[in-house]
$ cat structure18.cif   # mmCIF, C-alpha atoms
data_data
#
loop_
_atom_site.label_atom_id
_atom_site.label_comp_id
_atom_site.auth_asym_id
_atom_site.auth_seq_id
_atom_site.Cartn_x
_atom_site.Cartn_y
_atom_site.Cartn_z
CA ASP A 4 39.67 -44.45 -13.27
CA ASN A 5 38.97 -41.23 -11.34
CA LEU A 6 42.15 -39.41 -12.34
CA ASN A 7 41.54 -39.91 -16.06
CA GLU A 8 37.94 -38.74 -15.72
CA ILE A 9 39.01 -35.67 -13.74
CA MET A 10 41.69 -34.78 -16.31
CA TYR A 11 39.16 -35.17 -19.12
CA VAL A 12 36.67 -32.81 -17.43
CA PHE A 13 39.44 -30.32 -16.53
CA ASN A 14 40.94 -30.26 -20.05
CA LYS A 15 37.52 -30.00 -21.73
CA THR A 16 36.63 -27.07 -19.46
CA SER A 17 39.95 -25.32 -20.16
CA LEU A 18 39.24 -25.44 -23.89
CA GLU A 19 35.65 -24.26 -23.39
CA VAL A 20 36.74 -21.23 -21.34
CA CYS A 21 39.15 -20.21 -24.12
CA GLU A 22 36.36 -20.58 -26.69
CA GLY A 23 34.01 -18.52 -24.52
CA GLN A 24 36.59 -15.75 -24.14
CA ALA A 25 37.14 -15.70 -27.90
CA LEU A 26 33.39 -15.41 -28.50
CA ASP A 27 33.16 -12.56 -25.97
CA MET A 28 35.88 -10.67 -27.84
CA GLN A 29 34.28 -11.36 -31.25
CA PHE A 30 30.95 -10.05 -29.98
CA GLU A 31 32.49 -6.66 -29.17
CA ASP A 32 32.72 -6.01 -32.93
CA ARG A 33 29.12 -7.06 -33.64
CA GLN A 34 25.95 -5.15 -32.88
CA GLU A 35 23.32 -7.88 -32.98
CA ILE A 36 23.84 -10.96 -30.79
CA SER A 37 21.05 -13.48 -30.30
CA ILE A 38 20.06 -14.63 -26.82
CA ASP A 39 21.18 -18.16 -27.77
CA GLU A 40 24.62 -16.85 -28.80
CA TYR A 41 24.89 -14.90 -25.56
CA ILE A 42 23.90 -17.98 -23.49
CA LYS A 43 26.49 -20.08 -25.32
CA MET A 44 29.19 -17.48 -24.69
CA ILE A 45 28.54 -17.12 -20.94
CA SER A 46 28.11 -20.88 -20.59
CA LEU A 47 31.59 -21.41 -22.00
CA LYS A 48 33.29 -18.37 -20.48
CA THR A 49 31.85 -18.56 -16.97
CA ALA A 50 29.32 -21.28 -16.18
CA VAL A 51 31.46 -24.30 -17.13
CA LEU A 52 33.94 -23.32 -14.39
CA LEU A 53 31.35 -23.87 -11.67
CA ALA A 54 29.99 -26.96 -13.42
CA CYS A 55 33.51 -28.42 -13.74
CA SER A 56 34.32 -27.81 -10.06
CA LEU A 57 31.14 -29.51 -8.91
CA LYS A 58 31.58 -32.46 -11.27
CA ILE A 59 35.16 -33.05 -10.12
CA GLY A 60 33.86 -33.11 -6.54
CA SER A 61 31.26 -35.70 -7.54
CA ILE A 62 33.91 -37.82 -9.27
CA LEU A 63 36.10 -37.75 -6.17
CA SER A 64 33.13 -38.86 -4.05
CA SER A 65 32.43 -41.77 -6.44
CA ALA A 66 28.96 -40.52 -7.39
CA ASN A 67 26.98 -42.42 -10.00
CA ASN A 68 26.76 -41.12 -13.58
CA VAL A 69 23.25 -39.68 -13.14
CA ASP A 70 24.36 -37.65 -10.11
CA LYS A 71 27.56 -36.52 -11.84
CA GLN A 72 25.53 -35.17 -14.78
CA ALA A 73 22.91 -33.57 -12.53
CA ILE A 74 25.51 -31.76 -10.40
CA TYR A 75 27.28 -30.59 -13.57
CA ASN A 76 23.99 -29.28 -14.99
CA PHE A 77 23.23 -27.60 -11.65
CA GLY A 78 26.55 -25.74 -11.85
CA LEU A 79 26.03 -24.84 -15.50
CA TYR A 80 22.55 -23.37 -15.00
CA LEU A 81 23.56 -21.60 -11.80
CA GLY A 82 26.64 -20.18 -13.54
CA ILE A 83 24.47 -18.81 -16.35
CA ALA A 84 22.13 -17.16 -13.83
CA PHE A 85 25.17 -15.81 -11.93
CA GLN A 86 26.66 -14.17 -15.04
CA MET A 87 23.36 -12.59 -16.03
CA LYS A 88 23.01 -11.23 -12.50
CA ASP A 89 26.57 -9.89 -12.77
CA ASP A 90 25.59 -8.09 -16.00
CA VAL A 91 22.60 -6.53 -14.23
CA LEU A 92 24.65 -5.48 -11.21
CA ASP A 93 27.12 -3.64 -13.47
CA VAL A 94 24.34 -1.18 -14.25
CA TYR A 95 21.94 -1.45 -11.30
CA GLY A 96 24.15 -2.58 -8.42
CA LYS A 97 24.32 -0.49 -5.26
CA ASP A 98 27.83 -1.68 -4.42
CA ASN A 99 29.89 -2.02 -7.57
CA PHE A 100 33.04 -2.99 -5.68
CA GLY A 101 34.93 0.10 -6.82
CA LYS A 102 33.92 -0.25 -10.47
CA ARG A 103 32.07 2.56 -12.20
CA ILE A 104 28.37 2.10 -12.98
CA GLY A 105 27.92 1.08 -16.61
CA GLY A 106 31.48 -0.09 -17.22
CA ASP A 107 30.14 -2.84 -19.50
CA ILE A 108 28.25 -0.22 -21.55
CA LEU A 109 31.43 1.79 -22.10
CA GLU A 110 33.39 -1.34 -23.08
CA ASN A 111 30.65 -2.32 -25.56
CA LYS A 112 30.22 -5.64 -23.77
CA LYS A 113 27.35 -7.74 -25.03
CA THR A 114 25.58 -8.27 -21.73
CA ILE A 115 22.11 -9.73 -21.26
CA LEU A 116 20.80 -6.16 -20.93
CA TYR A 117 22.31 -5.09 -24.25
CA VAL A 118 21.24 -8.29 -26.06
CA LEU A 119 17.63 -7.91 -24.90
CA ALA A 120 17.56 -4.16 -25.67
CA TYR A 121 18.82 -4.80 -29.19
CA LYS A 122 16.26 -7.59 -29.65
CA TYR A 123 13.26 -5.54 -28.46
CA GLY A 124 14.38 -2.05 -29.49
CA ASP A 125 13.35 -0.15 -32.60
CA ASN A 126 15.80 1.32 -35.12
CA ASN A 127 16.32 4.45 -33.03
CA HIS A 128 17.15 2.37 -29.93
CA LYS A 129 19.58 0.27 -31.97
CA LYS A 130 21.26 3.39 -33.34
CA ILE A 131 21.84 4.72 -29.81
CA LEU A 132 23.03 1.32 -28.55
CA SER A 133 25.65 1.08 -31.29
CA ASP A 134 26.62 4.78 -31.33
CA SER A 135 30.03 5.71 -29.98
CA SER A 136 29.90 9.44 -30.73
CA PHE A 137 28.49 10.68 -27.41
CA LYS A 138 29.93 13.84 -25.88
CA ASP A 139 31.22 11.88 -22.89
CA ASP A 140 31.00 8.57 -21.06
CA ASP A 141 28.31 9.73 -18.64
CA GLU A 142 26.03 10.75 -21.50
CA ARG A 143 26.48 7.35 -23.20
CA VAL A 144 25.73 5.40 -20.00
CA SER A 145 22.70 7.60 -19.29
CA GLU A 146 21.25 7.21 -22.81
CA VAL A 147 21.66 3.41 -22.78
CA ILE A 148 20.14 3.09 -19.29
CA ASN A 149 17.17 5.16 -20.50
CA ILE A 150 16.65 2.62 -23.29
CA TYR A 151 16.80 -0.22 -20.77
CA LYS A 152 14.14 1.55 -18.69
CA GLU A 153 11.89 2.30 -21.65
CA LEU A 154 12.02 -1.32 -22.88
CA GLU A 155 11.69 -2.82 -19.35
CA ILE A 156 14.97 -4.67 -19.85
CA LEU A 157 15.62 -5.15 -16.13
CA HIS A 158 12.33 -7.03 -15.80
CA LYS A 159 13.09 -9.16 -18.88
CA SER A 160 16.59 -9.91 -17.55
CA ASP A 161 15.22 -10.91 -14.14
CA ASN A 162 12.83 -13.33 -15.84
CA LEU A 163 15.74 -15.03 -17.61
CA ILE A 164 17.78 -15.16 -14.39
CA ASP A 165 14.80 -16.81 -12.67
CA LYS A 166 14.47 -19.31 -15.52
CA TYR A 167 18.06 -20.55 -15.18
CA TYR A 168 17.97 -20.40 -11.38
CA ASN A 169 14.88 -22.63 -11.45
CA LEU A 170 16.58 -25.00 -13.92
CA ALA A 171 19.49 -25.26 -11.46
CA HIS A 172 17.01 -26.08 -8.68
CA SER A 173 15.41 -28.81 -10.79
CA GLU A 174 18.83 -30.50 -11.14
CA ILE A 175 19.21 -30.62 -7.33
CA ASP A 176 15.88 -32.48 -7.20
CA LYS A 177 17.37 -35.23 -9.41
CA LEU A 178 20.28 -35.94 -7.06
CA SER A 179 20.21 -39.09 -4.93
CA LEU A 180 21.17 -37.16 -1.81
CA SER A 181 19.60 -36.78 1.61
CA LYS A 182 17.35 -33.77 2.20
CA ASP A 183 19.92 -31.99 4.40
CA LYS A 184 22.59 -32.29 1.67
CA LYS A 185 20.18 -31.02 -0.97
CA ASP A 186 19.30 -28.13 1.35
CA LYS A 187 22.98 -27.13 1.42
CA LEU A 188 22.96 -26.94 -2.39
CA TYR A 189 19.76 -24.85 -2.34
CA GLN A 190 21.45 -22.51 0.17
CA PHE A 191 24.58 -22.33 -1.99
CA ALA A 192 22.47 -21.42 -5.03
CA GLU A 193 20.64 -18.75 -3.04
CA HIS A 194 23.94 -17.31 -1.80
CA ILE A 195 25.35 -17.16 -5.36
CA ILE A 196 22.32 -15.39 -6.81
CA SER A 197 21.17 -13.15 -3.93
CA ARG A 198 23.58 -10.27 -4.55
CA LYS A 199 21.50 -7.15 -4.19
CA ILE A 200 20.44 -4.56 -6.72
#
$ encode --input "structure18.cif" --output "structure tokens"
Amino acid sequence: DNLNEIMYVFNKTSLEVCEGQALDMQFEDRQEISIDEYIKMISLKTAVLLACSLKIGSILSSANNVDKQAIYNFGLYLGIAFQMKDDVLDVYGKDNFGKRIGGDILENKKTILYVLAYKYGDNNHKKILSDSSFKDDDERVSEVINIYKELEILHKSDNLIDKYYNLAHSEIDKLSLSKDKKDKLYQFAEHIISRKI
């Protein structure tokens, strides 16, 4: 019945969020994180929350299994794109909502920018990325942002955001909904991802 299915999705998501948070904390002590590891971490830590919310809505509306999976996947892919965009905005955002620019850099967070820079950087880039002996915080943030610029990391990040945004769109196409209802989901996706740099 619906209640059992909702509780299963809710409990599964609760466990996944804890696992994602644990991975995020483990990654702080590692220098090299693969893109796949990063995607897994943000999927569990962030994206499953949106996916879970949407799936519970579909369960309550008695959607069929294909639609329930498609709306879950839509939320998952959109959540991944959202978190990557959040990573980018930490460094390149005009309005950082009171947070300092580069806060993730100072906390040694393994963001999509860092993961890509470590993947494409040479040994000197990697040394700077993992170095914590800068004179001050501003120097560290400046040096890391210079690496991002040199390696065109913003462009590479935007390409990955677009990939997952487009995957989210393709899940909307699978839904057995009227065009106006699909349009609302397209608008929701656009609203989630259109935060400005």
$ residues_around --input "structure18.cif" --residues "range 17-28 of chain A" --least-positions-apart "3" --cutoff "6 Å" --atoms "only C-alpha atoms" --output "list in words"
Asn14, Glu31, Met44, Leu47 and Lys48 of chain A
$ resolve_selection --input "structure18.cif" --expression "the PyMOL selection byres ((chain A and resi 93) around 7)" --output "list of chain:residue names"
A:Asp89, A:Asp90, A:Val91, A:Leu92, A:Val94, A:Tyr95, A:Gly96, A:Asn99, A:Ile104, A:Gly105, A:Gly106, A:Asp107
$ write_last_selection --input "structure18.cif" --atoms "C-alpha atoms" --output "PDB file, keeping the file's coordinate frame"
ATOM      1  CA  ASP A  89      26.570  -9.890 -12.770  1.00  0.00           C
ATOM      2  CA  ASP A  90      25.590  -8.090 -16.000  1.00  0.00           C
ATOM      3  CA  VAL A  91      22.600  -6.530 -14.230  1.00  0.00           C
ATOM      4  CA  LEU A  92      24.650  -5.480 -11.210  1.00  0.00           C
ATOM      5  CA  VAL A  94      24.340  -1.180 -14.250  1.00  0.00           C
ATOM      6  CA  TYR A  95      21.940  -1.450 -11.300  1.00  0.00           C
ATOM      7  CA  GLY A  96      24.150  -2.580  -8.420  1.00  0.00           C
ATOM      8  CA  ASN A  99      29.890  -2.020  -7.570  1.00  0.00           C
ATOM      9  CA  ILE A 104      28.370   2.100 -12.980  1.00  0.00           C
ATOM     10  CA  GLY A 105      27.920   1.080 -16.610  1.00  0.00           C
ATOM     11  CA  GLY A 106      31.480  -0.090 -17.220  1.00  0.00           C
ATOM     12  CA  ASP A 107      30.140  -2.840 -19.500  1.00  0.00           C
TER      13      ASP A 107
END
$ closest_residue --input "structure18.cif" --among "A:Thr16, A:Ser65, A:Asn76, A:Gln34" --to "Leu52 in chain A" --atoms "all atoms listed in the file"
A:Thr16
$ closest_residue --input "structure18.cif" --among "A:Leu109, A:Gly124, A:Ile62, A:Ile195" --to "Glu155 in chain A" --atoms "all atoms listed in the file"
A:Gly124
$ residues_around --input "structure18.cif" --residues "Phe13 in chain A" --least-positions-apart "6" --cutoff "9 Å" --atoms "all atoms listed in the file" --output "PyMOL selection string"
chain A and resi 55-56+59
$ atom_distance --input "structure18.cif" --atom1 "CA of Ala50 in chain A" --atom2 "CA of Tyr168 in chain A"
12.4 Å
$ closest_residue --input "structure18.cif" --among "A:Ala171, A:Leu178, A:Leu119, A:Ile108" --to "Val144 in chain A" --atoms "only C-alpha atoms"
A:Ile108
$ atom_distance --input "structure18.cif" --atom1 "CA of Lys185 in chain A" --atom2 "CA of Met87 in chain A"
24.0 Å
$ closest_residue --input "structure18.cif" --among "A:Tyr11, A:Phe85, A:Phe77, A:Tyr151" --to "Tyr121 in chain A" --atoms "all atoms listed in the file"
A:Tyr151
$ resolve_selection --input "structure18.cif" --expression "the PyMOL selection byres ((chain A and resi 74) around 12)" --output "PyMOL selection string"
chain A and resi 51+53-62+66-73+75-81+170-180+185+188
$ atom_distance --input "structure18.cif" --atom1 "CA of Ile36 in chain A" --atom2 "CA of Ser145 in chain A"
21.9 Å
$ closest_residue --input "structure18.cif" --among "A:His128, A:Ser37, A:Ser197, A:Leu63" --to "Ile164 in chain A" --atoms "only C-alpha atoms"
A:Ser197
$ closest_residue --input "structure18.cif" --among "A:Lys15, A:Lys182, A:Arg33, A:Lys43" --to "Tyr117 in chain A" --atoms "only C-alpha atoms"
A:Arg33
